[in-house]
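The file query-v3.csv comes next; it holds CSV, C-alpha atoms.
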```csv
chain,number,residue,atom,x,y,z
A,30,ALA,CA,38.0,55.6,131.7
A,31,SER,CA,35.8,58.2,130.1
A,32,SER,CA,35.3,55.9,127.1
A,33,ALA,CA,34.3,53.0,129.3
A,34,ILE,CA,31.9,55.2,131.3
A,35,ARG,CA,30.3,56.5,128.0
A,36,ASP,CA,29.9,52.9,127.0
A,37,GLY,CA,27.9,52.1,130.1
A,38,LEU,CA,30.3,51.3,132.9
A,39,PRO,CA,28.6,52.6,136.0
A,40,ALA,CA,30.9,55.0,137.9
A,41,HIS,CA,29.9,57.1,140.8
A,42,THR,CA,33.4,58.1,141.9
A,43,LEU,CA,36.5,58.2,139.8
A,44,VAL,CA,40.0,59.0,140.9
A,45,THR,CA,42.4,60.0,138.1
A,46,VAL,CA,46.2,60.3,138.3
A,47,ALA,CA,47.7,62.7,135.7
A,48,PRO,CA,44.7,62.2,133.4
A,49,VAL,CA,45.2,62.6,129.7
A,50,LEU,CA,43.0,65.4,128.5
A,51,ASN,CA,43.9,65.2,124.8
A,52,GLY,CA,44.9,61.8,123.4
A,53,LYS,CA,46.3,63.1,120.1
A,54,LEU,CA,48.7,65.4,122.1
A,55,ALA,CA,49.6,62.5,124.5
A,56,LEU,CA,50.4,60.2,121.5
A,57,THR,CA,52.5,62.9,119.9
A,58,GLN,CA,54.5,63.4,123.1
A,59,PHE,CA,55.0,59.7,123.4
A,60,LEU,CA,56.2,59.4,119.8
A,61,ARG,CA,58.6,62.3,120.4
A,62,LEU,CA,60.4,60.0,122.8
A,63,GLY,CA,61.0,57.5,120.0
A,64,ALA,CA,61.9,60.2,117.4
A,65,ALA,CA,64.3,61.8,119.9
A,66,ALA,CA,66.1,58.5,120.3
A,67,ASP,CA,67.0,58.6,116.6
A,68,LEU,CA,68.6,62.0,116.7
A,69,GLY,CA,72.0,60.9,117.8
A,70,ALA,CA,74.6,63.6,118.1
A,71,ASP,CA,73.3,65.9,115.3
A,72,PRO,CA,72.9,69.3,116.9
A,73,ASP,CA,70.8,70.5,113.9
A,74,ALA,CA,68.4,67.6,113.9
A,75,LYS,CA,64.7,68.2,114.7
A,76,ILE,CA,62.3,65.8,116.4
A,77,ASP,CA,59.9,64.5,113.7
A,78,THR,CA,57.2,62.0,114.6
A,79,ARG,CA,55.8,61.7,111.0
A,80,GLY,CA,57.8,58.6,110.3
A,81,LEU,CA,56.5,56.8,113.3
A,82,ARG,CA,53.0,58.0,112.6
A,83,ALA,CA,53.3,56.7,109.0
A,84,GLN,CA,54.3,53.3,110.3
A,85,LEU,CA,51.3,53.2,112.6
A,86,ASP,CA,49.0,54.4,109.9
A,87,GLY,CA,50.4,51.6,107.6
A,88,GLY,CA,49.4,49.0,110.2
A,89,LYS,CA,52.8,48.4,111.7
A,90,ALA,CA,53.7,48.5,115.3
A,91,VAL,CA,56.5,50.8,116.5
A,92,GLU,CA,58.8,50.6,119.5
A,93,VAL,CA,59.1,53.7,121.7
A,94,ALA,CA,61.3,53.8,124.8
A,95,GLY,CA,61.2,50.0,125.0
A,96,TYR,CA,57.4,49.7,124.6
A,97,ARG,CA,55.7,48.2,121.6
A,98,LEU,CA,52.9,50.4,120.4
A,99,SER,CA,50.3,48.7,118.2
A,100,PRO,CA,48.4,50.7,115.5
A,101,GLU,CA,45.2,49.8,117.3
A,102,LEU,CA,46.3,51.2,120.6
A,103,ALA,CA,47.8,54.3,118.9
A,104,GLY,CA,44.5,54.9,117.0
A,105,ALA,CA,42.5,54.6,120.2
A,106,LEU,CA,44.8,57.0,122.1
A,107,ASP,CA,44.8,59.4,119.1
A,108,ALA,CA,41.0,59.6,119.3
A,109,ALA,CA,40.7,59.7,123.1
A,110,THR,CA,39.4,62.7,125.0
A,111,PHE,CA,38.7,63.3,128.7
A,112,ASP,CA,35.0,63.8,128.4
A,113,LEU,CA,32.8,62.2,131.1
A,114,PRO,CA,29.2,62.0,130.2
A,115,ASP,CA,27.5,62.3,133.6
A,116,ALA,CA,28.2,64.2,136.7
A,117,VAL,CA,30.2,61.9,138.9
A,118,ARG,CA,32.5,62.5,141.9
A,119,LEU,CA,35.9,63.1,140.6
A,120,GLY,CA,39.2,62.9,142.4
A,121,TRP,CA,42.0,64.5,140.4
A,122,ILE,CA,45.6,63.9,141.3
A,123,GLU,CA,48.2,66.0,139.4
A,124,VAL,CA,51.8,64.9,139.8
A,125,SER,CA,53.9,68.0,139.6
A,126,SER,CA,57.0,69.9,140.8
A,127,SER,CA,54.7,72.9,141.2
A,128,ASP,CA,52.3,73.6,144.0
A,129,ALA,CA,49.5,74.6,141.6
A,130,LEU,CA,47.4,72.8,139.0
A,131,SER,CA,48.5,73.2,135.4
A,132,PRO,CA,46.4,75.7,133.4
A,133,ALA,CA,45.0,72.9,131.4
A,134,SER,CA,43.9,71.0,134.5
A,135,ALA,CA,42.5,74.1,136.1
A,136,ARG,CA,40.4,74.7,132.9
A,137,ALA,CA,39.2,71.1,132.8
A,138,LEU,CA,38.2,71.1,136.5
A,139,ASP,CA,36.4,74.5,136.1
A,140,SER,CA,34.4,73.0,133.2
A,141,LEU,CA,33.6,69.8,135.1
A,142,THR,CA,32.5,71.7,138.2
A,143,ALA,CA,30.2,73.9,136.0
A,144,ARG,CA,28.7,70.7,134.6
A,145,GLY,CA,27.8,69.5,138.1
A,146,PHE,CA,30.7,67.3,139.0
A,147,SER,CA,31.9,67.1,142.6
A,148,VAL,CA,35.6,67.6,142.2
A,149,ARG,CA,38.5,67.1,144.7
A,150,SER,CA,42.0,67.9,143.4
A,151,LYS,CA,45.3,67.2,145.0
A,152,ILE,CA,48.9,67.9,143.9
A,153,LEU,CA,51.5,65.2,144.5
A,154,ALA,CA,55.1,66.4,144.4
A,155,GLY,CA,57.0,64.2,142.0
A,156,PRO,CA,58.4,63.6,138.6
A,157,ALA,CA,56.3,63.2,135.5
A,158,PHE,CA,56.8,59.5,135.5
A,159,TRP,CA,54.9,59.0,132.2
A,160,LEU,CA,57.4,61.1,130.3
A,161,THR,CA,60.5,59.3,131.3
A,162,GLN,CA,62.2,56.0,130.5
A,163,GLU,CA,63.4,55.8,134.0
A,164,ILE,CA,61.6,54.0,136.8
A,165,GLU,CA,60.1,56.6,139.1
A,166,LEU,CA,58.5,55.9,142.5
A,167,LEU,CA,55.6,57.8,144.1
A,168,PRO,CA,55.2,56.0,147.4
A,169,ASP,CA,52.5,58.5,148.6
A,170,LEU,CA,50.3,57.9,145.6
A,171,PRO,CA,48.2,54.9,146.9
A,172,ALA,CA,47.3,56.6,150.2
A,173,LEU,CA,46.4,59.8,148.3
A,174,CYS,CA,44.1,57.8,146.0
A,175,VAL,CA,42.4,56.1,148.9
A,176,GLY,CA,42.2,59.3,150.8
A,177,LEU,CA,40.4,61.0,148.0
A,178,LEU,CA,37.8,58.2,147.8
A,179,GLY,CA,37.3,58.7,151.6
A,180,GLU,CA,36.4,62.3,151.1
A,181,TRP,CA,33.0,61.2,149.9
A,182,PRO,CA,31.3,59.5,152.9
A,183,ASP,CA,29.4,56.9,150.9
A,184,SER,CA,32.1,56.0,148.4
A,185,GLY,CA,32.8,52.7,150.1
A,186,ALA,CA,36.5,53.3,150.7
A,187,THR,CA,38.1,52.9,154.0
A,188,PRO,CA,41.1,55.2,154.2
```
Give the structure from this file in structure tokens form.
Amino acid sequence: ASSAIRDGLPAHTLVTVAPVLNGKLALTQFLRLGAAADLGADPDAKIDTRGLRAQLDGGKAVEVAGYRLSPELAGALDAATFDLPDAVRLGWIEVSSSDALSPASARALDSLTARGFSVRSKILAGPAFWLTQEIELLPDLPALCVGLLGEWPDSGATP
């Protein structure tokens, strides 16, 4: 989203769900799922993503947790940052088992607020669905997204 906005997509209000703040870190975490699957029962084995990265750097797609990851997508994710160019209204939903924002999210929101963003944050109790191979449901997520949009009277949303 931040890339699209930097490229000219007009956005006055943006609601994010578990936003990726650092694409390189997110890609590494995703590749760790694939590398971990190759460990087998060796108790001394270490998760190493270098082989998967080498395949991607060589122009070959890799499969991780049943998903095909192209070199182009991996490269874009690797370079992605959460850096919005203009002060917009930002709804931030963190999915967590905790009742507090993660330290990284808190720092990001403090920085955005200091830059003039109008920020509303919510914590939704639930599993980190983006880190698991299992299907996870968050039935309260749609209403929470619409509710955040409704917190700005002129956002056009009808909660």
Open item on the list: Residues within 12 Å of Arg144 (chain A), please, as a ChimeraX atom specification. Count all atoms listed in the file; anything in the same chain fewer than 3 positions from it doesn't count.
Closed with: /A:112-118,137-141,147-148
Per residue of region 61-157 of chain A within 8 Å of region 165-175 of chain A, which atom pair is closest and at what distance in Å (one decimal), using all atoms listed in the file, listed by chain and increasing number, as JSON lines?
```
{"residue": "A:Gly120", "atom": "CA", "partner": "A:Cys174", "partner_atom": "CA", "distance": 7.9}
{"residue": "A:Ile122", "atom": "CA", "partner": "A:Cys174", "partner_atom": "CA", "distance": 7.8}
{"residue": "A:Leu153", "atom": "CA", "partner": "A:Leu170", "partner_atom": "CA", "distance": 7.5}
{"residue": "A:Gly155", "atom": "CA", "partner": "A:Leu167", "partner_atom": "CA", "distance": 6.9}
{"residue": "A:Pro156", "atom": "CA", "partner": "A:Glu165", "partner_atom": "CA", "distance": 7.2}
```
For those residues, write C-alpha atoms to a file as a short mmCIF file (atom, residue, chain, number, x, y, z; two decimals), keeping the file's coordinate frame.
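Saved as result39.cif:
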```cif
data_model
loop_
_atom_site.label_atom_id
_atom_site.label_comp_id
_atom_site.auth_asym_id
_atom_site.auth_seq_id
_atom_site.Cartn_x
_atom_site.Cartn_y
_atom_site.Cartn_z
CA GLY A 120 39.20 62.90 142.40
CA ILE A 122 45.60 63.90 141.30
CA LEU A 153 51.50 65.20 144.50
CA GLY A 155 57.00 64.20 142.00
CA PRO A 156 58.40 63.60 138.60
#
```
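Here CA of Ile34 (chain A) stands at a distance of 16.9 Å from CA of Asn51 (chain A).
For the residues A:Ala94, A:Leu81, A:Ala55, A:Ala135, ranking by smallest atom-to-atom distance to Glu163 (chain A) using only C-alpha atoms places A:Ala94 first.
Using only C-alpha atoms for every distance, the candidate list A:Ile164, A:Leu98, A:Leu119, A:Val91 yields A:Leu119 as the residue closest to Arg149 (chain A).
With distances restricted to only C-alpha atoms, A:Gly52 is the closest residue to Ser32 (chain A) from A:Ala103, A:Arg136, A:Trp121, A:Gly52.
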Open item on the list: Can you measure CA of Leu50 (chain A) to CA of Phe111 (chain A) for me? One decimal in Å is fine.
Closed with: 4.8 Å
TODO: Might you pull out every residue within 10 Å of Ala65 (chain A), with only C-alpha atoms counted and same-chain residues fewer than 5 positions away left off, and present them as a ChimeraX atom specification?
DONE: /A:60,74-78,93-94
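What separates CA of Glu92 (chain A) from CA of Gly63 (chain A) is a distance of 7.3 Å.
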Open item on the list: Measuring between all atoms listed in the file, which one of A:Ala108, A:Leu56, A:Leu62, A:Val46 shows the shortest distance to Arg82 (chain A)?
Closed with: A:Leu56
